[in-house]
Amino acid sequence: GKGESKIAAAARKLGITEAELIERQKALLKRREQEANREVEKQKQAAAQSRLRDEQERKVQAAKEREEAEARRKAEEEQRKIDEAAAKQKDAEKPRSGGARAKPAEQAEAPPDPSALEAAGGRVKRGKGGGRSDDRDRGNTSRPRGGSERRRGKLTIASALGDDGDRQRSLASVKRARERERERRSSGGQDGDEKVAVEVTLPETITLQDLAGRMKERVGDVVKFMMQQGEMMRGNDIIDADTAEIIAEEFGHTVKRVSEADVEIGLEGADDADDDMKPRAPVVTIMGHVDHGKTSLLDAMRQTDVVTGEAGGITQHIGAYQVDNGGNKITFLDTPGHAAFSAMRARGANVTDIVILVVAADDGVMPQTIEAINHAKAAEAPIIVAVNKIDKPDANPQKVLTELLQYDIQVEAMGGEVQAIEVSALEKTNLDGLSEAITLQAELLELKANPDRIADGSVVESQLDKGRGSVATVLVARGTLQRGDIVVAGTQWGKVRALVTERGEQLKSAGPSVPVEILGLDGAPAPGEPFYVVDSEARAREVTEYRIRHKRQVAGKASAAARASLDQLMNKLKDGSVETQELPLVVKADTQGSVEAIAQSVDKLSTEEVKANSIHGAVGGISESDVLLAQSSGAPIIAFNVRANKQARDLAEKEGVEIRYYSIIYNLIDDVKDAMSGLLAPEQRETFIGYAEILEVFNITRVGKVAGCKVTEGVVKRGCGVRLLRDDVVIHEGKLKTLKRFKDEVAEVSSGMECGMAFERYEDIREGDRIECFTVEEIERRLE
Ligand code: GDP
């Protein structure tokens with residue numbers, strides 16, 4: 001085999017010493033062990049809990065059985081008394097004895113009337129105790145008939161309730177007892193004849209209060225029941241569905257379990273009838289290569305708006321605008337880059353009807369042009385090509401159109417279906433031509449929606465504004481969004497306090513394809529998140545609470561998966577492959593859209609060896625807590641269009657946390673790429689330098705074996721890497737310890753000359769072996 005161990009090889013690859021690697025492995029093992037211990041601990045706890053519950057159940061069962069036995073005993077006692085009394089009376093009245101003597105004894109043995117059990121045992125009738133139903137069955141079949149039954153029943157209730165009055169008063173006391181019993185039942189605690197068993201719908205978790213409500217029981221009784229089970233709980237304490245099911249069954253109800261996810265059902269509402277559909281404005285996204293004029297074109301198109309003049313123009317960036325160029329309305333989405341477009345699509349928001357592909361006539365099809373085409377195709381949105389910058393002297397629109405053919409974009413002029421419009425955003429040339437093309441395309445698409453229903457749609461952008469709180473731009477897809485509507489978007493909800501347009505006007509309502517800012521949500525939902533109007537705050541809470549829980553569960557699972565991958569990492573380390581290095585980042589940006597875009601772009605840079613990990617991404621300026629988070633995880637802070645406040649800046653300086661400011665996403669990505677490249681293990685490049693042959697082996701005291709060699713090819717250098725070849729098989733790989741010519745240590749020996757060589761920690765050398773010499777260069781690697 002080769003003389004180097006796997007560990008040594010792995011260490012070499014990682015560029016660390018063997019000791020360091022072993023240290024690392026130990027640390028990993030230790031961590032895994034701790035993790036495993038924690039898991040065991042958790043399981044122990046779970047087991048203990050289930051034991052506790054079993055114990056409780058057992059106790060309940062035992063208590064039930066005791067109660068039953070007690071009731072039976074009392075009933076039997078009573079029966080015996082009656083029988084004795086009856087016998088005495090009979091004896092007194094008719095002193096003759098008959099064959100019917102045996103009968104009382106028989107009766108005494110018969111099980112008591114179930115109503116007695118019920119009265120005495122309280123819960124006896126409920127639950128599923130095995131013994132109970134047997135008793136009941138037996139009771140039913142062997143129960144004596146006739147008036148004696150009723151009498152005994154009355155009496156047993158009386159006795160069971162501890163009324164020890166004599167027989168003379170028993171009727172009255174039984175009446176009183178019945179009255180009490182009826183009261184007790186109607187007050188809700190017990191299942192009596194008049195109580196209806198209901199089917200209780202159980203979600204995955206429920207509060208005692210809610211459960212009681214659904215069972216039509218009093219909360220107090222449920223709490224009392226739990227108390228009897230040794231659980232001190234309050235009405236608003238939450239229990240899981242399993243526990244709830246036990247309770248419900250104890251109270252004599254049936255249950256229907258529903259999945260938590262069921263709360264999502266019905267959010268979307270019904271489909272609209274064709275007759276209700278009215279035409280709506282197209283939603284347009286402008287895409288294309290950087291600097292080809294997306295922003296300029298959007299600005300120019302905005303200025304074609306006829307309303308702008310009167311209303312004072314667009315006053316704020318809200319991520320989407322509606323332009324009315326004289327009858328035809330067009331909604332433009334202003335999303336930062338293609339990443340946001342796909343992030344929105346990833347959440348199911350395919351809001352864009354038409355993509356305007358901007359290509360500069362002086363530049364032609366560029367990488368992001370192609371990217372844009374792919375995005376549009378994936379979204380199945382028709383493309384209109386806007387050949388921009390035709391005012392430029394070196395503009396060549398024809399070349400653009402020809403280049404586009406390669407990407408399956410066949411414009412009308414070339415016999416295809418795609419409209420291509422030559423424009424100049426700068427000179428505002430042919431903008432109405434572009435508008436017309438959009439309107440035409442929209443007509444072709446027959447875009448329609450029902451405005452007369454409750455609204456739904458998508459979040460385009462959102463942020464937390466110091467003064468106004470959560471501000472989300474939404475685009476209505478169907479229906480009409482009204483001020484005062486209760487809206488659910490992702491894990492956020494709220495009552496719409498205001499609807500504001502890009503001109504700062506307040507609206508009362510917004511119909512299909514109208515983008516508006518809504519105020520009043522309790523947080524900033526992610527772009528692309530669908531929104532729905534719901535009919536009550538309770539419904540909104542139900543949905544968002546479920547979603548938050550669900551999200552947490554998913555996150556939990558993800559971290560479990562991360563733990564699993566630690567094992568894989570460990571294994572990789574063992575078989576010598578490379579450990580993944582991670583670059584943690586704290587990302588702060590001006591809008592949620594930017595945060596998403598950055599996270600996505602950075603994520604795309606990750607490879608098997610290095611990974612950028614955005615440990616925190618949020619909207620807003622940099623605070624001290626961001627700095628602390630960054631410091632604790634050794635992460636730089638990436639600030640996109642936001643700044644740090646004074647305290648945060650000071651703290652960052654003190655703690656040595658790097659804050660990098662950006663306003664151009666490409667620069668940001670380049671820098672992250674650089675940083676990640678820095679984490680890449682350098683590539684080791686080997687260069688062959690020469691061969692030597694062993695002519696003779698000398699055994700020198702205190703030095704060990706030295707090979708007397710002749711260099712046959714190239715050169716041999718001091719400290720170079722060597723492989724020992726015996727019959728053309730590599731039998732050792734290592735380093736040269738000494739390189740001597742005569743008695744002197746030399747730097748190199750070239751071909752044809754003789755020299756003495758010894759290896760580091762290796763002695764098995766023989767005459768006739770060949771030595772291959774090489775150097776190893778470390779080459780810094782870059783991410784592609
Ligand atoms: P974006 O990166 O695609 O949003 O491109 P911008 O809208 O920021 O435009 C990039 C540069 O091209 C800016 O300097 C614009 O002034 C310029 N530009 C945009 N449209 C035109 C045009 O139609 N003609 C000329 N000559 N320059 C333009």
# chains A, B, ... in the order shown; residues from 1 in each chain; ligands from 1
$ residues_around --residues "Phe640 in chain A" --least-positions-apart "2" --cutoff "6 Å" --atoms "only C-alpha atoms" --output "list in words"
Ala589, Val642, Tyr662 and Ser663 of chain A
$ residues_around --residues "Lys466 in chain A" --least-positions-apart "4" --cutoff "12 Å" --atoms "only C-alpha atoms" --output "PyMOL selection string"
chain A and resi 470-471+619-621
$ residues_near_ligand --ligand "ligand 1" --cutoff "10 Å" --atoms "only C-alpha atoms and all ligand atoms" --output "PyMOL selection string"
chain A and resi 286-300+336-337+358-362+387-393+395+422-429
$ write_last_selection --atoms "N, CA and C atoms" --output "JSON list (two decimals), in the first residue's frame"
[["chain", "number", "residue", "atom", "x", "y", "z"],
["A", 286, "ILE", "N", -40.31, 44.64, -16.71],
["A", 286, "ILE", "CA", -39.23, 44.97, -17.63],
["A", 286, "ILE", "C", -37.97, 44.25, -17.21],
["A", 287, "MET", "N", -37.40, 43.50, -18.14],
["A", 287, "MET", "CA", -36.19, 42.74, -17.82],
["A", 287, "MET", "C", -35.13, 42.98, -18.88],
["A", 288, "GLY", "N", -33.91, 42.62, -18.57],
["A", 288, "GLY", "CA", -32.85, 42.77, -19.54],
["A", 288, "GLY", "C", -31.49, 42.91, -18.88],
["A", 289, "HIS", "N", -30.47, 43.06, -19.69],
["A", 289, "HIS", "CA", -29.10, 43.15, -19.18],
["A", 289, "HIS", "C", -28.88, 44.48, -18.46],
["A", 290, "VAL", "N", -27.95, 44.46, -17.53],
["A", 290, "VAL", "CA", -27.65, 45.68, -16.79],
["A", 290, "VAL", "C", -27.20, 46.78, -17.76],
["A", 291, "ASP", "N", -27.66, 47.97, -17.50],
["A", 291, "ASP", "CA", -27.30, 49.16, -18.30],
["A", 291, "ASP", "C", -27.93, 49.21, -19.69],
["A", 292, "HIS", "N", -28.81, 48.28, -19.99],
["A", 292, "HIS", "CA", -29.48, 48.36, -21.28],
["A", 292, "HIS", "C", -30.67, 49.31, -21.26],
["A", 293, "GLY", "N", -30.98, 49.82, -20.04],
["A", 293, "GLY", "CA", -31.97, 50.89, -19.96],
["A", 293, "GLY", "C", -33.31, 50.50, -19.35],
["A", 294, "LYS", "N", -33.31, 49.49, -18.48],
["A", 294, "LYS", "CA", -34.57, 49.07, -17.83],
["A", 294, "LYS", "C", -35.19, 50.22, -17.03],
["A", 295, "THR", "N", -34.34, 50.80, -16.16],
["A", 295, "THR", "CA", -34.83, 51.86, -15.30],
["A", 295, "THR", "C", -35.27, 53.06, -16.12],
["A", 296, "SER", "N", -34.46, 53.40, -17.10],
["A", 296, "SER", "CA", -34.78, 54.57, -17.94],
["A", 296, "SER", "C", -36.09, 54.36, -18.68],
["A", 297, "LEU", "N", -36.30, 53.15, -19.17],
["A", 297, "LEU", "CA", -37.51, 52.87, -19.92],
["A", 297, "LEU", "C", -38.74, 52.90, -19.01],
["A", 298, "LEU", "N", -38.57, 52.35, -17.84],
["A", 298, "LEU", "CA", -39.68, 52.36, -16.87],
["A", 298, "LEU", "C", -40.04, 53.81, -16.52],
["A", 299, "ASP", "N", -39.02, 54.59, -16.27],
["A", 299, "ASP", "CA", -39.25, 56.02, -15.97],
["A", 299, "ASP", "C", -39.97, 56.70, -17.12],
["A", 300, "ALA", "N", -39.49, 56.43, -18.32],
["A", 300, "ALA", "CA", -40.06, 57.08, -19.49],
["A", 300, "ALA", "C", -41.52, 56.66, -19.68],
["A", 336, "PRO", "N", -36.44, 44.57, -8.35],
["A", 336, "PRO", "CA", -35.00, 44.70, -8.55],
["A", 336, "PRO", "C", -34.38, 43.41, -9.07],
["A", 337, "GLY", "N", -34.24, 43.33, -10.35],
["A", 337, "GLY", "CA", -33.48, 42.21, -10.94],
["A", 337, "GLY", "C", -34.30, 40.95, -11.15],
["A", 358, "VAL", "N", -35.67, 44.31, -22.61],
["A", 358, "VAL", "CA", -34.93, 45.47, -23.10],
["A", 358, "VAL", "C", -33.56, 45.03, -23.58],
["A", 359, "VAL", "N", -33.26, 45.33, -24.82],
["A", 359, "VAL", "CA", -31.92, 45.03, -25.35],
["A", 359, "VAL", "C", -31.37, 46.31, -25.96],
["A", 360, "ALA", "N", -30.18, 46.70, -25.53],
["A", 360, "ALA", "CA", -29.58, 47.92, -26.08],
["A", 360, "ALA", "C", -29.11, 47.64, -27.51],
["A", 361, "ALA", "N", -29.52, 48.54, -28.42],
["A", 361, "ALA", "CA", -29.22, 48.34, -29.84],
["A", 361, "ALA", "C", -27.73, 48.43, -30.12],
["A", 362, "ASP", "N", -26.98, 49.08, -29.19],
["A", 362, "ASP", "CA", -25.54, 49.22, -29.43],
["A", 362, "ASP", "C", -24.75, 48.12, -28.74],
["A", 387, "VAL", "N", -36.14, 47.22, -28.34],
["A", 387, "VAL", "CA", -34.76, 47.49, -28.76],
["A", 387, "VAL", "C", -34.49, 48.95, -28.41],
["A", 388, "ASN", "N", -33.69, 49.13, -27.36],
["A", 388, "ASN", "CA", -33.50, 50.47, -26.77],
["A", 388, "ASN", "C", -32.23, 51.14, -27.32],
["A", 389, "LYS", "N", -32.14, 52.41, -27.02],
["A", 389, "LYS", "CA", -30.96, 53.22, -27.38],
["A", 389, "LYS", "C", -30.79, 53.33, -28.89],
["A", 390, "ILE", "N", -31.92, 53.40, -29.61],
["A", 390, "ILE", "CA", -31.76, 53.50, -31.07],
["A", 390, "ILE", "C", -31.27, 54.88, -31.49],
["A", 391, "ASP", "N", -31.22, 55.80, -30.52],
["A", 391, "ASP", "CA", -30.67, 57.13, -30.82],
["A", 391, "ASP", "C", -29.16, 57.09, -30.97],
["A", 392, "LYS", "N", -28.55, 56.05, -30.47],
["A", 392, "LYS", "CA", -27.09, 55.99, -30.50],
["A", 392, "LYS", "C", -26.58, 55.78, -31.92],
["A", 393, "PRO", "N", -25.49, 56.44, -32.25],
["A", 393, "PRO", "CA", -24.99, 56.33, -33.62],
["A", 393, "PRO", "C", -24.60, 54.89, -33.98],
["A", 395, "ALA", "N", -26.04, 52.25, -33.02],
["A", 395, "ALA", "CA", -27.15, 51.33, -32.79],
["A", 395, "ALA", "C", -27.35, 50.43, -34.00],
["A", 422, "GLU", "N", -38.69, 49.39, -31.59],
["A", 422, "GLU", "CA", -37.47, 50.17, -31.43],
["A", 422, "GLU", "C", -37.80, 51.43, -30.65],
["A", 423, "VAL", "N", -37.08, 51.64, -29.57],
["A", 423, "VAL", "CA", -37.35, 52.82, -28.74],
["A", 423, "VAL", "C", -36.05, 53.49, -28.31],
["A", 424, "SER", "N", -36.23, 54.70, -27.79],
["A", 424, "SER", "CA", -35.13, 55.35, -27.07],
["A", 424, "SER", "C", -35.72, 55.87, -25.78],
["A", 425, "ALA", "N", -35.29, 55.26, -24.70],
["A", 425, "ALA", "CA", -35.80, 55.70, -23.40],
["A", 425, "ALA", "C", -35.32, 57.11, -23.12],
["A", 426, "LEU", "N", -34.11, 57.40, -23.60],
["A", 426, "LEU", "CA", -33.51, 58.70, -23.33],
["A", 426, "LEU", "C", -34.25, 59.82, -24.07],
["A", 427, "GLU", "N", -34.49, 59.60, -25.36],
["A", 427, "GLU", "CA", -35.14, 60.63, -26.19],
["A", 427, "GLU", "C", -36.66, 60.47, -26.20],
["A", 428, "LYS", "N", -37.13, 59.43, -25.50],
["A", 428, "LYS", "CA", -38.57, 59.13, -25.44],
["A", 428, "LYS", "C", -39.16, 58.90, -26.84],
["A", 429, "THR", "N", -38.39, 58.19, -27.64],
["A", 429, "THR", "CA", -38.85, 57.88, -28.98],
["A", 429, "THR", "C", -39.70, 56.61, -28.99]]
$ closest_residue --among "A:Val496, A:Gln56, A:Gln368, A:Val355" --to "Met226 in chain A" --atoms "only C-alpha atoms"
A:Gln56
$ select_by_dssp --residues "range 399-521 of chain A" --states "strand (DSSP E or B)" --output "PyMOL selection string"
chain A and resi 411+418-422+424+429+448-449+454+456-465+469-478+480-482+486-489+492-500+506-507+509-510+515-521
$ atom_distance --atom1 "CA of Ala372 in chain A" --atom2 "CA of Ala524 in chain A"
27.3 Å
$ residues_around --residues "Val263 in chain A" --least-positions-apart "6" --cutoff "9 Å" --atoms "only C-alpha atoms" --output "PyMOL selection string"
chain A and resi 539+542-543+546
$ write_last_selection --atoms "all heavy atoms" --output "compact mmCIF listing (two decimals), in the first residue's frame"
# COMPACT_ATOMS: atom_id res chain seq x y z
N ARG A 539 -60.26 34.18 12.06
CA ARG A 539 -59.84 33.35 10.92
C ARG A 539 -58.41 33.70 10.53
O ARG A 539 -57.59 32.82 10.28
CB ARG A 539 -60.80 33.60 9.76
CG ARG A 539 -60.46 32.83 8.51
CD ARG A 539 -61.07 31.45 8.53
NE ARG A 539 -60.85 30.77 7.25
CZ ARG A 539 -59.97 29.81 7.08
NH1 ARG A 539 -59.23 29.40 8.09
NH2 ARG A 539 -59.82 29.25 5.90
N GLU A 542 -56.06 32.31 13.03
CA GLU A 542 -56.00 30.85 12.91
C GLU A 542 -55.01 30.46 11.81
O GLU A 542 -54.14 29.62 12.00
CB GLU A 542 -57.40 30.32 12.58
CG GLU A 542 -57.50 28.83 12.48
CD GLU A 542 -58.91 28.37 12.09
OE1 GLU A 542 -59.54 29.00 11.20
OE2 GLU A 542 -59.38 27.41 12.68
N VAL A 543 -55.15 31.12 10.68
CA VAL A 543 -54.30 30.78 9.52
C VAL A 543 -52.84 31.14 9.80
O VAL A 543 -51.94 30.33 9.61
CB VAL A 543 -54.80 31.49 8.24
CG1 VAL A 543 -53.84 31.24 7.09
CG2 VAL A 543 -56.19 31.01 7.88
N TYR A 546 -51.16 28.99 12.45
CA TYR A 546 -50.80 27.68 11.89
C TYR A 546 -49.54 27.80 11.05
O TYR A 546 -48.62 26.99 11.16
CB TYR A 546 -51.95 27.12 11.05
CG TYR A 546 -51.45 26.12 10.03
CD1 TYR A 546 -50.93 24.91 10.46
CD2 TYR A 546 -51.44 26.41 8.67
CE1 TYR A 546 -50.43 24.00 9.55
CE2 TYR A 546 -50.94 25.52 7.77
CZ TYR A 546 -50.43 24.31 8.20
OH TYR A 546 -49.92 23.43 7.32
$ residues_around --residues "Ala510 in chain A" --least-positions-apart "6" --cutoff "8 Å" --atoms "only C-alpha atoms" --output "NGL selection string"
:A and (476 or 480-482 or 499 or 516)
$ write_last_selection --atoms "N, CA, C and O atoms" --output "PDB file, in the first residue's frame"
ATOM      1  N   VAL A 476     -53.600  43.438  -6.701  1.00  0.00           N
ATOM      2  CA  VAL A 476     -54.852  42.687  -6.613  1.00  0.00           C
ATOM      3  C   VAL A 476     -55.004  41.818  -7.861  1.00  0.00           C
ATOM      4  O   VAL A 476     -54.845  42.314  -8.983  1.00  0.00           O
ATOM      5  N   THR A 480     -62.021  43.107  -5.268  1.00  0.00           N
ATOM      6  CA  THR A 480     -61.679  44.489  -4.942  1.00  0.00           C
ATOM      7  C   THR A 480     -61.300  44.554  -3.476  1.00  0.00           C
ATOM      8  O   THR A 480     -62.052  44.102  -2.611  1.00  0.00           O
ATOM      9  N   LEU A 481     -60.102  45.067  -3.253  1.00  0.00           N
ATOM     10  CA  LEU A 481     -59.601  45.199  -1.886  1.00  0.00           C
ATOM     11  C   LEU A 481     -60.131  46.496  -1.291  1.00  0.00           C
ATOM     12  O   LEU A 481     -60.007  47.563  -1.900  1.00  0.00           O
ATOM     13  N   GLN A 482     -60.741  46.389  -0.125  1.00  0.00           N
ATOM     14  CA  GLN A 482     -61.361  47.561   0.500  1.00  0.00           C
ATOM     15  C   GLN A 482     -60.579  47.962   1.746  1.00  0.00           C
ATOM     16  O   GLN A 482     -60.019  47.106   2.426  1.00  0.00           O
ATOM     17  N   LEU A 499     -55.076  52.391   1.977  1.00  0.00           N
ATOM     18  CA  LEU A 499     -54.615  51.956   0.662  1.00  0.00           C
ATOM     19  C   LEU A 499     -54.007  53.185   0.007  1.00  0.00           C
ATOM     20  O   LEU A 499     -54.682  54.196  -0.153  1.00  0.00           O
ATOM     21  N   VAL A 516     -51.276  48.669  -4.947  1.00  0.00           N
ATOM     22  CA  VAL A 516     -51.400  49.636  -3.849  1.00  0.00           C
ATOM     23  C   VAL A 516     -50.544  49.229  -2.674  1.00  0.00           C
ATOM     24  O   VAL A 516     -50.273  48.048  -2.479  1.00  0.00           O
TER      25      VAL A 516
END
$ closest_residue --among "A:Ile731, A:Leu404, A:Leu736, A:Ala692" --to "Gly416 in chain A" --atoms "only C-alpha atoms"
A:Leu404
$ closest_residue --among "A:Glu754, A:Glu70, A:Glu217, A:Asp408" --to "His253 in chain A" --atoms "only C-alpha atoms"
A:Glu217
$ residues_around --residues "Asp671 in chain A" --least-positions-apart "6" --cutoff "12 Å" --atoms "only C-alpha atoms" --output "PyMOL selection string"
chain A and resi 585+602+605+612+636+638+660-662+664-665+677-678+782-783
